[in-house]
Amino acid sequence: MGIEFRDVGKTYPGGTVAVAGFSHVVPSHTTVALVGSSGSGKTTLLRMVNRMVDPTSGAVLIDDQDVRELDKVALRRRIGYVPQAGGLLPHRTVVDNVATVPVLGGTPRRAARAAAADLLALVGLDPSLGRRYPAQLSGGQQQRVAVARALAADPNILLMDEPFGAVDPIVRRELQDEMLRLQAELGKTVVIVTHDVDEAFRLADEVVVLRAGGVVAQSGTPKNILAAPADAFVREFVGADRPDRTLSTSEIDGRRVVVDANGRPLGILQ
Amino acid sequence: MSTFLDALAWILDPSSWGGSQGIAVRVAQHLAITVAAVLLAAVPAVPLGVLIGHTRRGRGVVVALAGAVRAVPTLGLLTLLALLLGVGVWAPLLALVALAVPSLLAGAYAGVESADPEAVDAARAMGMSERQIVRHVELPLGAGVLVGGFRAATLQVVATATLAAYTSDTGLGRYLFSGLKSRDYTLMLGGAILVALLALVLDRLLAVAQGRATGLARRTAADSRLGA
């Protein structure tokens, strides 16, 4: 299932332009990251896919169909959504949070709960945590639940809005690894919004770097962007000159050791 | 002091309680008109408050109107209604409904508005309809505040329901009005004490209900249902 942004713009009634004329195609079964600082319109673009925001110009198409022709509620139920802070319902148990969309769709509660327990295992959580309430979990566990919930209706599309932004760096890394494993297994069409360029490079097949107002500064594979930043803005944003990105090798006892700009060894070149 | 003791003695005297003019009947009447007024007020106030809280629209207008209603003296409104409707229980009942509406309205919209905006946004993005968001997210999360509105309204109404006896032979207010007329201050004080006690009991009951409703929304790590 592919997503196409066709010259979409969003101008708010006050005249604020969040996005002006953004076009991009997200091929099926790939992960695309929208990166940019705040005010780049990346979240607005993401929310256009499930009609949480309707563009004021242009159109978003899923499999060549304009999403504005679709019923909002039905559209959202077949698209997985992972918000920044989890957005779990605090008054429902973990398992009921995960079962929410299937139950809304008419799946019997018992079957939905059984499936939810399996999904918890899929995202690396002990299914016995299902009886707890969200406040009884750590931030990282809550984000895993949010991913499980987004997968519950087996959507083809997964939208993730700064999904790991609220957890500490070590947990973030774990969650990113988990996400890579899941994506290798499930092959969803994923759009992820982040301001963390390292996260974008780790998770995405293709990265779109945005300037203020949703203007594309550069798009391409992480490798291509790093190899040839389009301009000074991209170069600065992706940190192409950062010490940990400017590596060199030095030969020690016949083996080539990779070191960063500060001389710290990172690994061995095979 | 002796009036106070006399009033207590009157309350504690079993013979004060029986009969069609007794305390038991009057407490029951007082409770009935209180409950009726609050429930009747809730019929328009709660749905309207929920709508305002959910849509975040029309709040300014309704708050201003509710404030104006609050400023209307209940006794004046009662007199006006009694002139229109005649003596009987309807005039005081309607005056009490008007008294209860602002608190119920405020409780409903404040409750719905108090729901965590991130949970509401996530619920919408998952594909809950607006009606489902109200029912499954905003009302459970705002239940404590909503019940708080019922508590405030009930307290005002139960105290003011003494006015029901102004135009009809209903409730504990009868003791105040007849005591005033016949200068039987023991009877007046006894009636006042009963109203105060009834108000305290109702307030405690509703405080417990409010605590439970709030607990539904705020699960904590210390929750004892963990192993349930």
# chains A, B, ... in the order shown; residues from 1 in each chain; ligands from 1
call {"tool": "interface_residues", "arguments": {"of": "chain A", "to": "chain B", "cutoff": "7 Å", "atoms": "only C-alpha atoms", "output": "PyMOL selection string"}}
result
chain A and resi 52+73-74+76-77+81+83+87-91+101+132-133+135-136
call {"tool": "closest_residue", "arguments": {"among": "A:Met160, A:Leu151, A:Ala116, A:Ala99", "to": "A:Asn50", "atoms": "only C-alpha atoms"}}
result
A:Met160
call {"tool": "residues_around", "arguments": {"residues": "A:Asn262", "least_positions_apart": "3", "cutoff": "9 Å", "atoms": "only C-alpha atoms", "output": "NGL selection string"}}
result
:A and (243-244 or 259 or 265)
call {"tool": "write_last_selection", "arguments": {"atoms": "N, CA, C and O atoms", "output": "PDB file, in the first residue's frame"}}
result
ATOM      1  N   PRO A 243      31.888  14.858  14.843  1.00  0.00           N
ATOM      2  CA  PRO A 243      33.050  13.983  15.055  1.00  0.00           C
ATOM      3  C   PRO A 243      32.720  12.508  14.848  1.00  0.00           C
ATOM      4  O   PRO A 243      33.539  11.753  14.321  1.00  0.00           O
ATOM      5  N   ASP A 244      31.497  12.080  15.251  1.00  0.00           N
ATOM      6  CA  ASP A 244      31.177  10.658  15.116  1.00  0.00           C
ATOM      7  C   ASP A 244      30.740  10.293  13.701  1.00  0.00           C
ATOM      8  O   ASP A 244      30.381   9.156  13.429  1.00  0.00           O
ATOM      9  N   VAL A 259      38.397   5.041  13.396  1.00  0.00           N
ATOM     10  CA  VAL A 259      38.346   5.990  14.517  1.00  0.00           C
ATOM     11  C   VAL A 259      37.559   7.220  14.091  1.00  0.00           C
ATOM     12  O   VAL A 259      37.479   7.541  12.911  1.00  0.00           O
ATOM     13  N   PRO A 265      38.351   4.880  18.987  1.00  0.00           N
ATOM     14  CA  PRO A 265      38.145   3.705  18.110  1.00  0.00           C
ATOM     15  C   PRO A 265      36.680   3.265  18.110  1.00  0.00           C
ATOM     16  O   PRO A 265      36.044   3.222  19.163  1.00  0.00           O
TER      17      PRO A 265
END
call {"tool": "select_by_dssp", "arguments": {"residues": "stretch 32-245 of chain A", "states": "strand (DSSP E or B)", "output": "VMD selection string"}}
result
chain A and resid 32 to 35 57 to 62 65 to 66 79 to 82 157 to 161 189 to 194 206 to 211 215 to 220
call {"tool": "write_last_selection", "arguments": {"atoms": "N, CA, C and O atoms", "output": "compact mmCIF listing (two decimals), in the first residue's frame"}}
result
# COMPACT_ATOMS: atom_id res chain seq x y z
N VAL A 32 9.54 5.45 5.64
CA VAL A 32 10.00 6.79 5.30
C VAL A 32 10.00 7.64 6.58
O VAL A 32 9.04 7.62 7.35
N ALA A 33 11.09 8.35 6.81
CA ALA A 33 11.16 9.24 7.97
C ALA A 33 11.07 10.68 7.51
O ALA A 33 11.75 11.07 6.55
N LEU A 34 10.18 11.44 8.15
CA LEU A 34 10.14 12.88 7.93
C LEU A 34 10.90 13.52 9.08
O LEU A 34 10.52 13.36 10.23
N VAL A 35 12.00 14.19 8.76
CA VAL A 35 12.78 14.82 9.83
C VAL A 35 12.84 16.32 9.61
O VAL A 35 12.77 16.82 8.48
N SER A 57 -4.82 22.50 0.49
CA SER A 57 -4.62 22.38 -0.97
C SER A 57 -3.93 21.06 -1.22
O SER A 57 -3.29 20.49 -0.33
N GLY A 58 -4.08 20.54 -2.45
CA GLY A 58 -3.48 19.27 -2.79
C GLY A 58 -4.24 18.11 -2.18
O GLY A 58 -5.33 18.29 -1.64
N ALA A 59 -3.65 16.91 -2.25
CA ALA A 59 -4.35 15.72 -1.77
C ALA A 59 -3.37 14.68 -1.29
O ALA A 59 -2.22 14.63 -1.74
N VAL A 60 -3.83 13.85 -0.35
CA VAL A 60 -3.07 12.68 0.07
C VAL A 60 -3.80 11.47 -0.49
O VAL A 60 -5.02 11.35 -0.35
N LEU A 61 -3.06 10.58 -1.15
CA LEU A 61 -3.69 9.39 -1.74
C LEU A 61 -3.10 8.13 -1.13
O LEU A 61 -1.89 8.05 -0.91
N ILE A 62 -3.98 7.19 -0.86
CA ILE A 62 -3.53 5.87 -0.43
C ILE A 62 -3.98 4.92 -1.52
O ILE A 62 -5.18 4.83 -1.82
N GLN A 65 -6.17 6.45 -4.05
CA GLN A 65 -7.47 6.97 -3.67
C GLN A 65 -7.28 8.16 -2.71
O GLN A 65 -6.56 8.04 -1.72
N ASP A 66 -7.95 9.27 -3.04
CA ASP A 66 -7.88 10.46 -2.20
C ASP A 66 -8.52 10.14 -0.84
O ASP A 66 -9.66 9.70 -0.78
N ILE A 79 -5.53 2.26 9.85
CA ILE A 79 -4.17 2.80 9.87
C ILE A 79 -3.68 2.79 11.33
O ILE A 79 -4.36 3.30 12.21
N GLY A 80 -2.53 2.18 11.54
CA GLY A 80 -1.98 2.16 12.90
C GLY A 80 -1.38 3.51 13.24
O GLY A 80 -0.80 4.17 12.37
N TYR A 81 -1.53 3.94 14.49
CA TYR A 81 -1.02 5.26 14.88
C TYR A 81 -0.32 5.15 16.23
O TYR A 81 -0.89 4.65 17.19
N VAL A 82 0.93 5.61 16.27
CA VAL A 82 1.68 5.61 17.53
C VAL A 82 2.02 7.05 17.87
O VAL A 82 2.87 7.66 17.22
N ILE A 157 -0.69 0.30 7.03
CA ILE A 157 0.08 1.54 7.21
C ILE A 157 0.25 1.81 8.70
O ILE A 157 -0.68 1.63 9.49
N LEU A 158 1.44 2.24 9.05
CA LEU A 158 1.73 2.58 10.44
C LEU A 158 2.26 4.02 10.46
O LEU A 158 3.23 4.33 9.74
N LEU A 159 1.62 4.88 11.23
CA LEU A 159 2.08 6.26 11.38
C LEU A 159 2.67 6.42 12.76
O LEU A 159 2.03 6.05 13.75
N MET A 160 3.87 6.97 12.85
CA MET A 160 4.53 7.10 14.15
C MET A 160 5.00 8.54 14.32
O MET A 160 5.79 9.04 13.53
N ASP A 161 4.46 9.19 15.36
CA ASP A 161 4.77 10.60 15.59
C ASP A 161 5.74 10.73 16.75
O ASP A 161 5.34 10.63 17.91
N THR A 189 3.90 -0.41 5.62
CA THR A 189 4.29 0.88 5.06
C THR A 189 4.31 1.86 6.24
O THR A 189 3.28 2.10 6.85
N VAL A 190 5.51 2.36 6.56
CA VAL A 190 5.65 3.13 7.79
C VAL A 190 6.05 4.57 7.47
O VAL A 190 6.95 4.80 6.66
N VAL A 191 5.35 5.51 8.07
CA VAL A 191 5.79 6.91 8.03
C VAL A 191 6.12 7.30 9.47
O VAL A 191 5.28 7.17 10.36
N ILE A 192 7.35 7.72 9.70
CA ILE A 192 7.76 8.07 11.05
C ILE A 192 8.24 9.52 11.04
O ILE A 192 8.94 9.95 10.13
N VAL A 193 7.79 10.25 12.03
CA VAL A 193 8.19 11.65 12.18
C VAL A 193 9.16 11.73 13.35
O VAL A 193 8.91 11.14 14.41
N THR A 194 10.28 12.39 13.14
CA THR A 194 11.23 12.52 14.24
C THR A 194 12.08 13.77 14.03
O THR A 194 12.22 14.26 12.91
N GLU A 206 14.07 5.55 3.49
CA GLU A 206 14.22 6.83 2.83
C GLU A 206 13.96 7.94 3.85
O GLU A 206 13.07 7.81 4.70
N VAL A 207 14.75 8.99 3.76
CA VAL A 207 14.62 10.09 4.72
C VAL A 207 14.28 11.37 3.95
O VAL A 207 14.87 11.64 2.90
N VAL A 208 13.30 12.12 4.47
CA VAL A 208 12.95 13.42 3.88
C VAL A 208 13.31 14.49 4.91
O VAL A 208 12.75 14.51 6.00
N VAL A 209 14.28 15.33 4.56
CA VAL A 209 14.67 16.41 5.48
C VAL A 209 13.86 17.65 5.13
O VAL A 209 13.83 18.07 3.97
N LEU A 210 13.16 18.18 6.12
CA LEU A 210 12.26 19.32 5.89
C LEU A 210 12.79 20.59 6.51
O LEU A 210 13.34 20.59 7.61
N ARG A 211 12.62 21.67 5.77
CA ARG A 211 12.85 23.02 6.31
C ARG A 211 11.55 23.53 6.88
O ARG A 211 10.50 22.91 6.67
N VAL A 215 9.00 22.51 3.48
CA VAL A 215 9.75 22.55 2.22
C VAL A 215 10.82 21.45 2.27
O VAL A 215 11.57 21.35 3.24
N VAL A 216 10.86 20.62 1.24
CA VAL A 216 11.83 19.53 1.22
C VAL A 216 13.22 20.09 0.97
O VAL A 216 13.48 20.72 -0.06
N ALA A 217 14.13 19.87 1.92
CA ALA A 217 15.51 20.30 1.72
C ALA A 217 16.26 19.23 0.93
O ALA A 217 17.06 19.55 0.06
N GLN A 218 15.97 17.97 1.25
CA GLN A 218 16.58 16.86 0.51
C GLN A 218 15.84 15.58 0.88
O GLN A 218 15.39 15.42 2.02
N SER A 219 15.72 14.68 -0.08
CA SER A 219 15.20 13.36 0.26
C SER A 219 16.05 12.32 -0.42
O SER A 219 16.63 12.56 -1.48
N GLY A 220 16.13 11.17 0.19
CA GLY A 220 16.94 10.10 -0.38
C GLY A 220 17.24 9.06 0.69
O GLY A 220 16.75 9.16 1.82
call {"tool": "select_by_dssp", "arguments": {"residues": "stretch 32-142 of chain A", "states": "helix (DSSP H, G or I)", "output": "PyMOL selection string"}}
result
chain A and resi 42-49+67-69+72-77+94-104+109-122+127-131+134-136+139-142
call {"tool": "write_last_selection", "arguments": {"atoms": "N, CA and C atoms", "output": "short mmCIF file (atom, residue, chain, number, x, y, z; two decimals), in the first residue's frame"}}
result
data_model
loop_
_atom_site.label_atom_id
_atom_site.label_comp_id
_atom_site.auth_asym_id
_atom_site.auth_seq_id
_atom_site.Cartn_x
_atom_site.Cartn_y
_atom_site.Cartn_z
N LYS A 42 6.27 18.59 9.90
CA LYS A 42 6.34 17.14 9.72
C LYS A 42 5.17 16.41 10.36
N THR A 43 4.77 16.85 11.56
CA THR A 43 3.63 16.20 12.21
C THR A 43 2.34 16.49 11.45
N THR A 44 2.21 17.72 10.95
CA THR A 44 1.03 18.07 10.14
C THR A 44 0.92 17.14 8.95
N LEU A 45 2.05 16.89 8.27
CA LEU A 45 2.05 16.00 7.11
C LEU A 45 1.62 14.59 7.50
N LEU A 46 2.18 14.11 8.62
CA LEU A 46 1.84 12.77 9.08
C LEU A 46 0.34 12.65 9.34
N ARG A 47 -0.21 13.69 10.00
CA ARG A 47 -1.63 13.63 10.39
C ARG A 47 -2.57 13.82 9.21
N MET A 48 -2.03 14.23 8.07
CA MET A 48 -2.87 14.31 6.87
C MET A 48 -3.21 12.91 6.36
N VAL A 49 -2.33 11.94 6.64
CA VAL A 49 -2.55 10.59 6.10
C VAL A 49 -3.81 9.97 6.71
N VAL A 67 -7.75 10.36 0.23
CA VAL A 67 -8.28 9.99 1.56
C VAL A 67 -9.51 10.81 1.93
N ARG A 68 -9.68 11.98 1.28
CA ARG A 68 -10.84 12.79 1.62
C ARG A 68 -12.16 12.19 1.12
N GLU A 69 -12.03 11.19 0.23
CA GLU A 69 -13.25 10.50 -0.21
C GLU A 69 -13.64 9.41 0.78
N LYS A 72 -13.68 9.24 7.71
CA LYS A 72 -12.56 9.44 8.64
C LYS A 72 -12.37 8.27 9.59
N VAL A 73 -13.47 7.88 10.24
CA VAL A 73 -13.38 6.85 11.28
C VAL A 73 -12.92 5.52 10.68
N ALA A 74 -13.51 5.14 9.54
CA ALA A 74 -13.14 3.88 8.90
C ALA A 74 -11.67 3.92 8.46
N LEU A 75 -11.25 5.07 7.91
CA LEU A 75 -9.87 5.24 7.47
C LEU A 75 -8.90 5.05 8.64
N ARG A 76 -9.20 5.74 9.75
CA ARG A 76 -8.29 5.70 10.90
C ARG A 76 -8.20 4.30 11.49
N ARG A 77 -9.30 3.54 11.44
CA ARG A 77 -9.26 2.20 12.02
C ARG A 77 -8.38 1.26 11.23
N VAL A 94 -3.84 -2.56 30.13
CA VAL A 94 -2.98 -2.64 28.96
C VAL A 94 -3.63 -3.49 27.87
N VAL A 95 -4.16 -4.65 28.27
CA VAL A 95 -4.71 -5.56 27.26
C VAL A 95 -5.95 -4.92 26.61
N ASP A 96 -6.73 -4.19 27.39
CA ASP A 96 -7.91 -3.53 26.81
C ASP A 96 -7.52 -2.35 25.93
N ASN A 97 -6.43 -1.69 26.28
CA ASN A 97 -5.92 -0.64 25.39
C ASN A 97 -5.57 -1.23 24.02
N VAL A 98 -4.86 -2.35 24.05
CA VAL A 98 -4.44 -2.97 22.79
C VAL A 98 -5.65 -3.46 22.00
N ALA A 99 -6.67 -3.93 22.72
CA ALA A 99 -7.85 -4.52 22.07
C ALA A 99 -8.84 -3.45 21.59
N THR A 100 -8.56 -2.17 21.86
CA THR A 100 -9.54 -1.12 21.60
C THR A 100 -10.09 -1.13 20.18
N VAL A 101 -9.20 -1.06 19.20
CA VAL A 101 -9.69 -0.93 17.82
C VAL A 101 -10.42 -2.19 17.35
N PRO A 102 -9.87 -3.40 17.58
CA PRO A 102 -10.65 -4.59 17.19
C PRO A 102 -12.03 -4.63 17.83
N VAL A 103 -12.13 -4.24 19.11
CA VAL A 103 -13.44 -4.26 19.78
C VAL A 103 -14.38 -3.24 19.13
N LEU A 104 -13.86 -2.06 18.80
CA LEU A 104 -14.67 -1.07 18.09
C LEU A 104 -15.16 -1.63 16.76
N ARG A 109 -14.99 -9.36 22.58
CA ARG A 109 -13.99 -8.91 23.54
C ARG A 109 -12.98 -9.99 23.90
N ARG A 110 -13.48 -11.20 24.11
CA ARG A 110 -12.58 -12.26 24.55
C ARG A 110 -11.53 -12.58 23.48
N ALA A 111 -11.98 -12.66 22.23
CA ALA A 111 -11.05 -12.94 21.13
C ALA A 111 -10.06 -11.80 20.97
N ALA A 112 -10.54 -10.55 21.13
CA ALA A 112 -9.67 -9.39 20.98
C ALA A 112 -8.61 -9.37 22.07
N ARG A 113 -9.01 -9.79 23.29
CA ARG A 113 -8.04 -9.81 24.39
C ARG A 113 -6.99 -10.88 24.16
N ALA A 114 -7.40 -12.03 23.67
CA ALA A 114 -6.44 -13.11 23.40
C ALA A 114 -5.44 -12.65 22.34
N ALA A 115 -5.95 -11.99 21.30
CA ALA A 115 -5.06 -11.48 20.25
C ALA A 115 -4.14 -10.40 20.81
N ALA A 116 -4.68 -9.60 21.72
CA ALA A 116 -3.88 -8.52 22.32
C ALA A 116 -2.71 -9.10 23.12
N ALA A 117 -2.95 -10.21 23.81
CA ALA A 117 -1.87 -10.84 24.58
C ALA A 117 -0.75 -11.29 23.65
N ASP A 118 -1.14 -11.84 22.49
CA ASP A 118 -0.13 -12.25 21.51
C ASP A 118 0.66 -11.05 21.00
N LEU A 119 -0.05 -9.93 20.80
CA LEU A 119 0.63 -8.72 20.30
C LEU A 119 1.62 -8.19 21.33
N LEU A 120 1.27 -8.31 22.62
CA LEU A 120 2.21 -7.87 23.66
C LEU A 120 3.50 -8.68 23.56
N ALA A 121 3.34 -9.99 23.36
CA ALA A 121 4.53 -10.83 23.20
C ALA A 121 5.31 -10.41 21.96
N LEU A 122 4.59 -10.08 20.89
CA LEU A 122 5.25 -9.68 19.64
C LEU A 122 6.13 -8.44 19.85
N PRO A 127 3.14 -10.99 28.45
CA PRO A 127 1.68 -10.83 28.40
C PRO A 127 1.01 -10.66 29.76
N SER A 128 1.70 -11.07 30.85
CA SER A 128 1.10 -10.88 32.17
C SER A 128 0.98 -9.39 32.53
N LEU A 129 1.74 -8.53 31.82
CA LEU A 129 1.61 -7.09 32.05
C LEU A 129 0.26 -6.56 31.57
N GLY A 130 -0.44 -7.39 30.79
CA GLY A 130 -1.72 -6.96 30.22
C GLY A 130 -2.75 -6.58 31.25
N ARG A 131 -2.63 -7.13 32.44
CA ARG A 131 -3.63 -6.81 33.48
C ARG A 131 -3.36 -5.47 34.15
N PRO A 134 -1.80 1.52 32.44
CA PRO A 134 -0.64 2.18 31.83
C PRO A 134 0.29 2.86 32.84
N ALA A 135 -0.30 3.49 33.88
CA ALA A 135 0.54 4.21 34.84
C ALA A 135 1.47 3.28 35.61
N GLN A 136 1.18 1.97 35.54
CA GLN A 136 2.01 1.02 36.28
C GLN A 136 3.18 0.51 35.43
N GLY A 139 8.04 4.12 30.92
CA GLY A 139 7.81 4.84 29.68
C GLY A 139 8.08 3.98 28.45
N GLY A 140 9.15 3.20 28.52
CA GLY A 140 9.50 2.32 27.39
C GLY A 140 8.45 1.24 27.18
N GLN A 141 7.97 0.68 28.29
CA GLN A 141 6.92 -0.35 28.19
C GLN A 141 5.64 0.25 27.61
N GLN A 142 5.33 1.49 28.02
CA GLN A 142 4.11 2.14 27.50
C GLN A 142 4.21 2.33 25.98
#
call {"tool": "residues_around", "arguments": {"residues": "B:Gly86", "least_positions_apart": "5", "cutoff": "12 Å", "atoms": "only C-alpha atoms", "output": "ChimeraX atom specification"}}
result
/B:78-81,91-92,166-168
call {"tool": "write_last_selection", "arguments": {"atoms": "N, CA and C atoms", "output": "PDB file, in the first residue's frame"}}
result
ATOM      1  N   LEU B  78     -38.950  31.870  43.123  1.00  0.00           N
ATOM      2  CA  LEU B  78     -40.021  31.025  43.649  1.00  0.00           C
ATOM      3  C   LEU B  78     -41.331  31.811  43.711  1.00  0.00           C
ATOM      4  N   THR B  79     -41.254  33.053  44.194  1.00  0.00           N
ATOM      5  CA  THR B  79     -42.452  33.889  44.300  1.00  0.00           C
ATOM      6  C   THR B  79     -43.058  34.111  42.918  1.00  0.00           C
ATOM      7  N   LEU B  80     -42.185  34.419  41.980  1.00  0.00           N
ATOM      8  CA  LEU B  80     -42.639  34.647  40.604  1.00  0.00           C
ATOM      9  C   LEU B  80     -43.323  33.401  40.035  1.00  0.00           C
ATOM     10  N   LEU B  81     -42.660  32.258  40.225  1.00  0.00           N
ATOM     11  CA  LEU B  81     -43.207  31.002  39.706  1.00  0.00           C
ATOM     12  C   LEU B  81     -44.519  30.649  40.398  1.00  0.00           C
ATOM     13  N   ALA B  91     -43.906  25.058  41.727  1.00  0.00           N
ATOM     14  CA  ALA B  91     -43.137  26.311  41.740  1.00  0.00           C
ATOM     15  C   ALA B  91     -41.789  26.136  42.450  1.00  0.00           C
ATOM     16  N   PRO B  92     -41.767  25.587  43.686  1.00  0.00           N
ATOM     17  CA  PRO B  92     -40.453  25.397  44.315  1.00  0.00           C
ATOM     18  C   PRO B  92     -39.576  24.396  43.566  1.00  0.00           C
ATOM     19  N   TYR B 166     -42.714  27.104  51.467  1.00  0.00           N
ATOM     20  CA  TYR B 166     -43.221  28.469  51.309  1.00  0.00           C
ATOM     21  C   TYR B 166     -44.559  28.454  50.575  1.00  0.00           C
ATOM     22  N   THR B 167     -44.662  27.552  49.584  1.00  0.00           N
ATOM     23  CA  THR B 167     -45.893  27.492  48.792  1.00  0.00           C
ATOM     24  C   THR B 167     -46.603  26.158  48.901  1.00  0.00           C
ATOM     25  N   SER B 168     -46.026  25.216  49.631  1.00  0.00           N
ATOM     26  CA  SER B 168     -46.693  23.919  49.752  1.00  0.00           C
ATOM     27  C   SER B 168     -46.300  23.300  51.089  1.00  0.00           C
TER      28      SER B 168
END
call {"tool": "residues_around", "arguments": {"residues": "B:Val147", "least_positions_apart": "6", "cutoff": "12 Å", "atoms": "only C-alpha atoms", "output": "MDAnalysis selection string"}}
result
chainID B and resid 38 42 46 103:112 139:141 153:154 203 205:214
call {"tool": "write_last_selection", "arguments": {"atoms": "N, CA and C atoms", "output": "tab-separated table (two decimals), in the first residue's frame"}}
result
chain	number	residue	atom	x	y	z
B	38	VAL	N	-32.56	17.84	41.34
B	38	VAL	CA	-31.22	17.62	40.77
B	38	VAL	C	-31.32	16.79	39.49
B	42	ALA	N	-30.44	17.85	35.72
B	42	ALA	CA	-29.38	17.12	34.99
B	42	ALA	C	-29.80	16.80	33.56
B	46	VAL	N	-26.48	18.22	31.96
B	46	VAL	CA	-25.35	17.32	31.73
B	46	VAL	C	-25.06	17.13	30.24
B	103	SER	N	-24.32	24.44	38.55
B	103	SER	CA	-23.29	23.55	39.09
B	103	SER	C	-23.16	22.29	38.26
B	104	LEU	N	-24.30	21.75	37.83
B	104	LEU	CA	-24.25	20.52	37.02
B	104	LEU	C	-23.58	20.79	35.67
B	105	LEU	N	-23.93	21.93	35.10
B	105	LEU	CA	-23.35	22.32	33.82
B	105	LEU	C	-21.82	22.46	33.94
B	106	ALA	N	-21.41	23.16	34.99
B	106	ALA	CA	-19.98	23.39	35.19
B	106	ALA	C	-19.26	22.06	35.41
B	107	GLY	N	-19.86	21.17	36.23
B	107	GLY	CA	-19.25	19.87	36.48
B	107	GLY	C	-19.11	19.07	35.20
B	108	ALA	N	-20.14	19.12	34.35
B	108	ALA	CA	-20.11	18.33	33.11
B	108	ALA	C	-19.05	18.85	32.16
B	109	TYR	N	-19.01	20.16	31.92
B	109	TYR	CA	-18.02	20.61	30.93
B	109	TYR	C	-16.60	20.58	31.48
B	110	ALA	N	-16.47	20.89	32.77
B	110	ALA	CA	-15.13	20.83	33.35
B	110	ALA	C	-14.62	19.39	33.37
B	111	GLY	N	-15.53	18.45	33.66
B	111	GLY	CA	-15.14	17.04	33.69
B	111	GLY	C	-14.66	16.57	32.33
B	112	VAL	N	-15.45	16.85	31.31
B	112	VAL	CA	-15.09	16.40	29.97
B	112	VAL	C	-13.79	17.08	29.52
B	139	LEU	N	-15.89	10.83	29.35
B	139	LEU	CA	-16.74	10.66	30.54
B	139	LEU	C	-16.07	9.83	31.64
B	140	PRO	N	-15.45	8.69	31.31
B	140	PRO	CA	-14.76	7.97	32.39
B	140	PRO	C	-13.66	8.80	33.03
B	141	LEU	N	-12.91	9.55	32.21
B	141	LEU	CA	-11.79	10.32	32.77
B	141	LEU	C	-12.29	11.54	33.54
B	153	ALA	N	-24.36	20.71	43.42
B	153	ALA	CA	-25.76	21.03	43.13
B	153	ALA	C	-26.66	20.49	44.24
B	154	THR	N	-26.39	19.25	44.66
B	154	THR	CA	-27.22	18.62	45.69
B	154	THR	C	-27.16	19.39	46.99
B	203	ASP	N	-23.75	15.02	51.53
B	203	ASP	CA	-22.43	15.45	51.07
B	203	ASP	C	-21.39	14.35	51.25
B	205	LEU	N	-21.97	11.10	51.40
B	205	LEU	CA	-22.26	10.02	50.44
B	205	LEU	C	-21.72	10.38	49.05
B	206	LEU	N	-21.96	11.62	48.64
B	206	LEU	CA	-21.52	12.03	47.31
B	206	LEU	C	-20.00	12.19	47.25
B	207	ALA	N	-19.39	12.52	48.38
B	207	ALA	CA	-17.93	12.60	48.41
B	207	ALA	C	-17.34	11.22	48.17
B	208	VAL	N	-17.95	10.19	48.76
B	208	VAL	CA	-17.47	8.82	48.53
B	208	VAL	C	-17.64	8.45	47.06
B	209	ALA	N	-18.81	8.80	46.50
B	209	ALA	CA	-19.06	8.50	45.08
B	209	ALA	C	-18.05	9.21	44.20
B	210	GLN	N	-17.74	10.46	44.56
B	210	GLN	CA	-16.78	11.25	43.78
B	210	GLN	C	-15.39	10.60	43.84
B	211	GLY	N	-15.02	10.15	45.04
B	211	GLY	CA	-13.73	9.50	45.21
B	211	GLY	C	-13.63	8.26	44.34
B	212	ARG	N	-14.70	7.47	44.32
B	212	ARG	CA	-14.70	6.25	43.49
B	212	ARG	C	-14.61	6.60	42.02
B	213	ALA	N	-15.39	7.59	41.61
B	213	ALA	CA	-15.40	7.97	40.19
B	213	ALA	C	-14.03	8.50	39.77
B	214	THR	N	-13.37	9.24	40.67
B	214	THR	CA	-12.04	9.75	40.36
B	214	THR	C	-11.05	8.60	40.27
call {"tool": "atom_distance", "arguments": {"atom1": "atom CA of B:Val72", "atom2": "atom CA of B:Val101"}}
result
12.4 Å
call {"tool": "residues_around", "arguments": {"residues": "B:Tyr175", "least_positions_apart": "3", "cutoff": "10 Å", "atoms": "only C-alpha atoms", "output": "PDB file with C-alpha atoms, in the first residue's frame"}}
result
ATOM      1  CA  GLN B  21     -46.571  15.677  59.905  1.00  0.00           C
ATOM      2  CA  ILE B  23     -39.974  14.092  60.949  1.00  0.00           C
ATOM      3  CA  ARG B  26     -40.826  15.349  56.147  1.00  0.00           C
ATOM      4  CA  THR B 162     -36.663  24.444  52.793  1.00  0.00           C
ATOM      5  CA  ALA B 165     -42.684  24.834  52.332  1.00  0.00           C
ATOM      6  CA  ASP B 169     -46.768  21.683  52.789  1.00  0.00           C
ATOM      7  CA  THR B 170     -43.591  19.859  51.755  1.00  0.00           C
ATOM      8  CA  GLY B 171     -40.312  19.016  53.419  1.00  0.00           C
ATOM      9  CA  LEU B 172     -38.404  20.131  56.497  1.00  0.00           C
ATOM     10  CA  SER B 178     -44.600  27.317  61.115  1.00  0.00           C
ATOM     11  CA  GLY B 179     -42.046  27.979  63.844  1.00  0.00           C
ATOM     12  CA  LEU B 180     -41.542  31.489  62.529  1.00  0.00           C
ATOM     13  CA  LYS B 181     -45.278  32.159  62.405  1.00  0.00           C
ATOM     14  CA  ASP B 184     -41.818  28.458  68.229  1.00  0.00           C
ATOM     15  CA  TYR B 185     -38.048  28.855  68.025  1.00  0.00           C
ATOM     16  CA  THR B 186     -37.437  25.338  69.302  1.00  0.00           C
ATOM     17  CA  LEU B 187     -39.298  23.972  66.282  1.00  0.00           C
ATOM     18  CA  MET B 188     -37.423  26.332  63.932  1.00  0.00           C
ATOM     19  CA  LEU B 189     -34.041  25.364  65.311  1.00  0.00           C
ATOM     20  CA  GLY B 190     -34.953  21.665  65.276  1.00  0.00           C
ATOM     21  CA  GLY B 191     -35.925  21.955  61.606  1.00  0.00           C
ATOM     22  CA  ALA B 192     -32.721  23.817  60.809  1.00  0.00           C
ATOM     23  CA  LEU B 194     -32.355  18.401  60.592  1.00  0.00           C
TER      24      LEU B 194
END
